[in-house]
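Novice: I am sharing target.cif, which consists of mmCIF, C-alpha atoms:
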data_upload
loop_
_atom_site.label_atom_id
_atom_site.label_comp_id
_atom_site.auth_asym_id
_atom_site.auth_seq_id
_atom_site.Cartn_x
_atom_site.Cartn_y
_atom_site.Cartn_z
CA MET A 12 -19.59 4.33 -18.20
CA THR A 13 -20.29 3.28 -14.60
CA ALA A 14 -17.22 2.94 -12.39
CA ALA A 15 -16.45 -0.55 -11.12
CA THR A 16 -16.55 -1.12 -7.36
CA LEU A 17 -13.82 -3.04 -5.57
CA SER A 18 -14.58 -4.96 -2.36
CA ALA A 19 -11.90 -5.51 0.25
CA VAL A 20 -10.07 -8.72 1.04
CA GLY A 21 -8.11 -9.20 4.26
CA LEU A 22 -4.34 -8.78 4.15
CA HIS A 23 -3.78 -12.45 4.96
CA GLU A 24 -6.55 -13.80 2.69
CA CYS A 25 -5.57 -12.17 -0.60
CA ARG A 26 -2.21 -13.79 -1.47
CA PHE A 27 -0.57 -10.46 -0.63
CA GLU A 28 2.85 -11.95 -1.41
CA ARG A 29 2.20 -10.90 -5.04
CA PHE A 30 2.38 -7.27 -3.89
CA GLY A 31 4.69 -7.34 -0.88
CA THR A 32 5.05 -8.79 2.59
CA PRO A 33 2.13 -8.86 5.04
CA LEU A 34 3.39 -8.13 8.54
CA ARG A 35 2.04 -9.57 11.78
CA PRO A 36 3.47 -9.14 15.27
CA VAL A 37 6.25 -11.51 16.31
CA GLU A 38 7.62 -12.07 19.78
CA ASP A 39 10.60 -10.03 20.88
CA MET A 40 13.90 -11.79 20.18
CA SER A 41 12.32 -13.92 17.41
CA PRO A 42 14.89 -14.82 14.75
CA ALA A 43 14.54 -13.29 11.31
CA GLY A 44 12.54 -15.38 8.89
CA PRO A 45 10.12 -15.43 5.95
CA GLN A 46 7.53 -13.52 8.00
CA ASP A 47 9.78 -10.45 7.81
CA ALA A 48 9.89 -7.93 4.98
CA THR A 49 12.88 -7.97 2.66
CA LEU A 50 13.80 -4.34 2.17
CA ALA A 51 15.43 -2.73 -0.86
CA PHE A 52 16.45 0.90 -0.93
CA GLY A 53 18.32 2.21 -3.96
CA GLY A 54 19.15 5.54 -2.36
CA GLU A 55 21.37 6.47 0.53
CA ASN A 56 18.97 8.38 2.73
CA LEU A 57 16.01 6.66 4.31
CA ARG A 58 13.05 8.45 5.79
CA TYR A 59 11.05 6.90 8.62
CA TYR A 60 8.28 9.18 9.80
CA LEU A 61 4.75 9.55 11.08
CA MET A 62 2.59 10.51 8.13
CA ARG A 63 -0.64 12.38 8.91
CA LEU A 64 -3.36 11.95 6.31
CA ARG A 65 -6.84 13.36 6.06
CA ARG A 66 -9.66 11.17 4.81
CA ARG A 67 -10.14 11.25 1.07
CA PRO A 68 -12.96 9.85 -1.04
CA ALA A 69 -12.92 6.07 -1.44
CA VAL A 70 -12.17 6.28 -5.15
CA VAL A 71 -9.03 5.39 -7.08
CA ALA A 72 -8.37 7.72 -10.01
CA SER A 73 -4.62 7.04 -10.27
CA MET A 74 -2.03 4.60 -8.98
CA THR A 75 1.61 5.07 -8.04
CA ARG A 76 4.64 2.85 -7.81
CA HIS A 77 8.17 3.21 -6.50
CA LEU A 78 10.99 1.55 -8.44
CA GLN A 79 13.85 2.40 -6.06
CA ALA A 80 12.41 1.55 -2.64
CA THR A 81 10.22 -0.92 -0.80
CA GLN A 82 7.68 1.23 1.00
CA CYS A 83 6.58 0.06 4.45
CA LEU A 84 3.31 1.20 6.06
CA GLY A 85 1.49 0.58 9.32
CA SER A 86 -1.22 2.37 11.29
CA ALA A 87 0.23 4.44 14.12
CA ASP A 88 -3.15 4.90 15.76
CA ALA A 89 -4.47 1.34 15.50
CA GLN A 90 -7.21 1.96 12.95
CA PRO A 91 -8.22 -0.37 10.13
CA TRP A 92 -7.17 0.90 6.73
CA TRP A 93 -7.30 -0.10 3.06
CA LEU A 94 -4.83 -0.02 0.20
CA ALA A 95 -5.52 -0.61 -3.49
CA VAL A 96 -2.66 -2.63 -5.01
CA ALA A 97 -1.67 -4.23 -8.30
CA GLU A 98 1.25 -6.46 -9.23
CA PRO A 99 4.54 -4.76 -10.11
CA SER A 100 4.80 -6.68 -13.41
CA LEU A 101 1.76 -4.89 -14.86
CA ASN A 102 2.05 -2.17 -17.47
CA PRO A 103 0.16 1.03 -16.62
CA ASP A 104 -2.49 0.34 -19.26
CA GLN A 105 -3.34 -2.97 -17.52
CA LEU A 106 -4.53 -1.25 -14.34
CA ASP A 107 -8.30 -1.69 -14.05
CA HIS A 108 -10.97 -3.39 -11.93
CA THR A 109 -9.70 -6.83 -13.00
CA SER A 110 -6.08 -6.27 -11.93
CA VAL A 111 -6.41 -4.04 -8.86
CA GLN A 112 -7.06 -5.61 -5.43
CA LEU A 113 -8.42 -3.68 -2.44
CA VAL A 114 -6.72 -4.94 0.73
CA ARG A 115 -8.00 -4.39 4.29
CA VAL A 116 -5.28 -4.01 6.94
CA LEU A 117 -6.40 -4.47 10.55
CA PRO A 118 -4.91 -2.87 13.67
CA GLY A 119 -1.72 -4.72 14.60
CA GLU A 120 -0.89 -5.51 10.96
CA GLY A 121 1.42 -3.75 8.54
CA LEU A 122 2.92 -4.28 5.13
CA SER A 123 5.91 -3.78 2.92
CA LEU A 124 5.43 -3.30 -0.82
CA HIS A 125 7.69 -4.98 -3.38
CA LEU A 126 9.63 -2.69 -5.68
CA GLY A 127 7.26 -1.47 -8.39
CA THR A 128 3.98 -2.53 -6.74
CA TRP A 129 1.21 -0.23 -7.94
CA HIS A 130 -0.74 1.29 -5.04
CA ALA A 131 -3.29 3.93 -4.07
CA GLY A 132 -4.13 4.96 -0.52
CA PRO A 133 -4.10 4.37 2.32
CA PHE A 134 -7.84 4.84 2.75
CA PHE A 135 -9.59 4.90 6.15
CA GLU A 136 -12.91 5.89 7.69
CA ALA A 137 -11.79 8.33 10.42
CA PRO A 138 -11.43 12.05 9.60
CA GLU A 139 -7.64 11.64 9.79
CA ALA A 140 -5.08 8.93 10.53
CA LEU A 141 -1.40 8.50 11.35
CA PHE A 142 0.85 6.01 9.58
CA TYR A 143 4.39 4.82 10.13
CA ASN A 144 6.08 5.21 6.76
CA LEU A 145 9.53 4.00 5.70
CA GLU A 146 10.78 5.06 2.27
CA LEU A 147 13.61 7.01 0.68
CA SER A 148 13.97 10.61 1.78
CA ASP A 149 13.25 11.74 -1.79
CA THR A 150 10.69 9.09 -2.80
CA ASN A 151 7.94 11.62 -3.45
CA GLN A 152 10.22 13.78 -5.61
CA ASN A 153 12.31 11.25 -7.54
CA ASP A 154 10.57 7.87 -7.38
CA HIS A 155 6.88 8.72 -7.65
CA ASN A 156 5.70 7.03 -10.85
CA CYS A 157 2.02 7.86 -11.22
CA HIS A 158 -0.54 6.69 -13.80
CA GLN A 159 -4.08 8.04 -14.26
CA LEU A 160 -6.65 5.26 -14.68
CA SER A 161 -8.93 5.39 -17.68
CA ASP A 162 -11.89 4.50 -15.41
CA ARG A 163 -12.12 5.38 -11.73
CA LEU A 164 -12.53 2.57 -9.23
CA LYS A 165 -14.99 2.96 -6.37
CA LEU A 166 -13.94 1.30 -3.12
CA HIS A 167 -16.22 -0.52 -0.72
CA LEU A 168 -14.45 -0.11 2.62
CA SER A 169 -15.61 -2.94 4.87
#
Write the structure described by the file as structure tokens, please.

Specialist:
Amino acid sequence: MTAATLSAVGLHECRFERFGTPLRPVEDMSPAGPQDATLAFGGENLRYYLMRLRRRPAVVASMTRHLQATQCLGSADAQPWWLAVAEPSLNPDQLDHTSVQLVRVLPGEGLSLHLGTWHAGPFFEAPEALFYNLELSDTNQNDHNCHQLSDRLKLHLS
């Protein structure tokens, strides 16, 4: 069977609110409002760090979700990047080319994922990239719910 190819949609054109909160810059001293991420962390210890990633093939073979923390991501080196996402209400067997959305995030934008949002990535075109990442200190050990897709999804990064 031929793998389906997903094309990217901009962060602010894809109804991202289904998956999380799209973040744009706001002026200093702006009051809190609906443009801000609502964060939920079920653990006591948060981890905010610079995550270094090396480029990986633009293919989704599995997706992950976190049920205890809202993960927040942003490019630390002002590169465009892509994230494959699917709604948190989906069962693992519903993850396929019809339910997964490829989202393009431009420099100066960031995002926060709702609890349980399925995701794969980030993907980028440079050999490596840096990301600001906010999650629980043990997210990758104790809240890393991964599901292998029955059919891989090819990504068209543009």

Novice: Counting all atoms listed in the file, figure out which residue out of A:Leu17, A:Leu22, A:Ala89, A:Leu166 gets nearest to Tyr143 in chain A.

Specialist: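 Of all the options, A:Ala89 lies closest to Tyr143 in chain A.
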
Novice: Return as CSV the residues of range 31-106 of chain A lying at most 9 Å from range 115-139 of chain A, together with the closest atom-to-atom pair for each and the distance in Å to one decimal, counting all atoms listed in the file, with rows in chain order and ascending residue number.

Specialist:
residue,atom,partner,partner_atom,distance
A:Gly31,CA,A:Leu124,CA,4.1
A:Thr32,CA,A:Ser123,CA,5.1
A:Pro33,CA,A:Leu122,CA,4.6
A:Leu34,CA,A:Gly121,CA,4.8
A:Arg35,CA,A:Glu120,CA,5.1
A:Pro36,CA,A:Gly119,CA,6.8
A:Ala48,CA,A:Ser123,CA,6.1
A:Thr49,CA,A:Ser123,CA,8.1
A:Leu50,CA,A:Ser123,CA,7.9
A:Ala51,CA,A:Leu126,CA,7.5
A:Arg63,CA,A:Glu139,CA,7.1
A:Leu64,CA,A:Glu139,CA,5.5
A:Arg65,CA,A:Glu139,CA,4.2
A:Arg66,CA,A:Pro138,CA,5.2
A:Arg67,CA,A:Phe134,CA,7.0
A:Pro68,CA,A:Phe134,CA,8.1
A:Ala69,CA,A:Phe134,CA,6.7
A:Val71,CA,A:Ala131,CA,6.6
A:Ala72,CA,A:Ala131,CA,8.7
A:Ser73,CA,A:Ala131,CA,7.1
A:Met74,CA,A:Ala131,CA,5.1
A:Thr75,CA,A:Trp129,CA,5.3
A:Arg76,CA,A:Trp129,CA,4.6
A:His77,CA,A:Gly127,CA,5.1
A:Leu78,CA,A:Gly127,CA,4.8
A:Gln79,CA,A:Leu126,CA,6.6
A:Ala80,CA,A:Leu126,CA,5.9
A:Thr81,CA,A:Leu126,CA,5.2
A:Gln82,CA,A:Leu124,CA,5.4
A:Cys83,CA,A:Ser123,CA,4.2
A:Leu84,CA,A:Leu122,CA,5.6
A:Gly85,CA,A:Gly121,CA,4.4
A:Ser86,CA,A:Pro118,CA,6.8
A:Ala87,CA,A:Pro118,CA,8.9
A:Asp88,CA,A:Pro118,CA,8.2
A:Ala89,CA,A:Pro118,CA,4.6
A:Gln90,CA,A:Pro118,CA,5.4
A:Pro91,CA,A:Leu117,CA,4.5
A:Trp92,CA,A:Phe135,CA,4.7
A:Trp93,CA,A:Arg115,CA,4.5
A:Leu94,CA,A:Pro133,CA,4.9
A:Ala95,CA,A:Ala131,CA,5.1
A:Val96,CA,A:His130,CA,4.4
A:Ala97,CA,A:Trp129,CA,4.9
A:Glu98,CA,A:Thr128,CA,5.4
A:Pro99,CA,A:Thr128,CA,4.1
A:Ser100,CA,A:Gly127,CA,7.6
A:Leu101,CA,A:Trp129,CA,8.4
A:Pro103,CA,A:Trp129,CA,8.8
A:Leu106,CA,A:Trp129,CA,8.7

Novice: Using only C-alpha atoms, which residues sit within 7 Å of Tyr59 in chain A once same-chain residues fewer than 6 positions away are excluded, as a list in words?

Specialist: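 Non-adjacent residues within range: Asn144, Leu145 and Glu146 of chain A.
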
Novice: Check what the PyMOL selection byres ((chain A and resi 62) around 6) selects in the file above and give those residues as a PyMOL selection string.

Specialist: chain A and resi 61+63+141-142

Novice: Just how far from CA of His108 in chain A is CA of Asp47 in chain A, in Å to one decimal?

Specialist: 29.5 Å

Novice: What does the distance from CA of Gln112 in chain A to CA of Ala14 in chain A come to in Å, to one decimal?

Specialist: 15.0 Å

Novice: To one decimal place in Å, what is the distance between CA of Tyr60 in chain A and CA of Gly21 in chain A?

Specialist: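 Separation of CA of Tyr60 in chain A and CA of Gly21 in chain A: 25.2 Å.
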
Novice: Using only C-alpha atoms, which residue out of A:Gly44, A:Arg26, A:Ser161, A:Gly53 lies closest to Gln105 in chain A?

Specialist: A:Ser161

Novice: On this file, the PyMOL selection byres ((chain A and resi 148-152) around 8) gives some set of residues; write that set as a list in words.

Specialist: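 Those residues are Asn56, Leu57, Arg58, His77, Ala80, Glu146, Leu147, Asn153, Asp154 and His155 of chain A.
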
Novice: Taking all atoms of range 95-108 of chain A that the file lists and extending 6 Å past them on each side, where is the centre of the axis-aligned box and how long are its edges? Answer in Å to one decimal, as lines of an AutoDock Vina configuration file.

Specialist:
center_x = -3.1
center_y = -2.8
center_z = -11.4
size_x = 27.8
size_y = 19.7
size_z = 27.8

Novice: With the PyMOL selection byres ((chain A and resi 168) around 7) as the selection, what would be picked from this file? Answer as a PyMOL selection string, please.

Specialist: chain A and resi 18-19+166-167+169

Novice: The selected residues should be written to file as a CSV table (one decimal), keeping the file's coordinate frame (atoms: C-alpha atoms).

Specialist:
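Output below, filename part-v8.csv:
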chain,number,residue,atom,x,y,z
A,18,SER,CA,-14.6,-5.0,-2.4
A,19,ALA,CA,-11.9,-5.5,0.2
A,166,LEU,CA,-13.9,1.3,-3.1
A,167,HIS,CA,-16.2,-0.5,-0.7
A,169,SER,CA,-15.6,-2.9,4.9
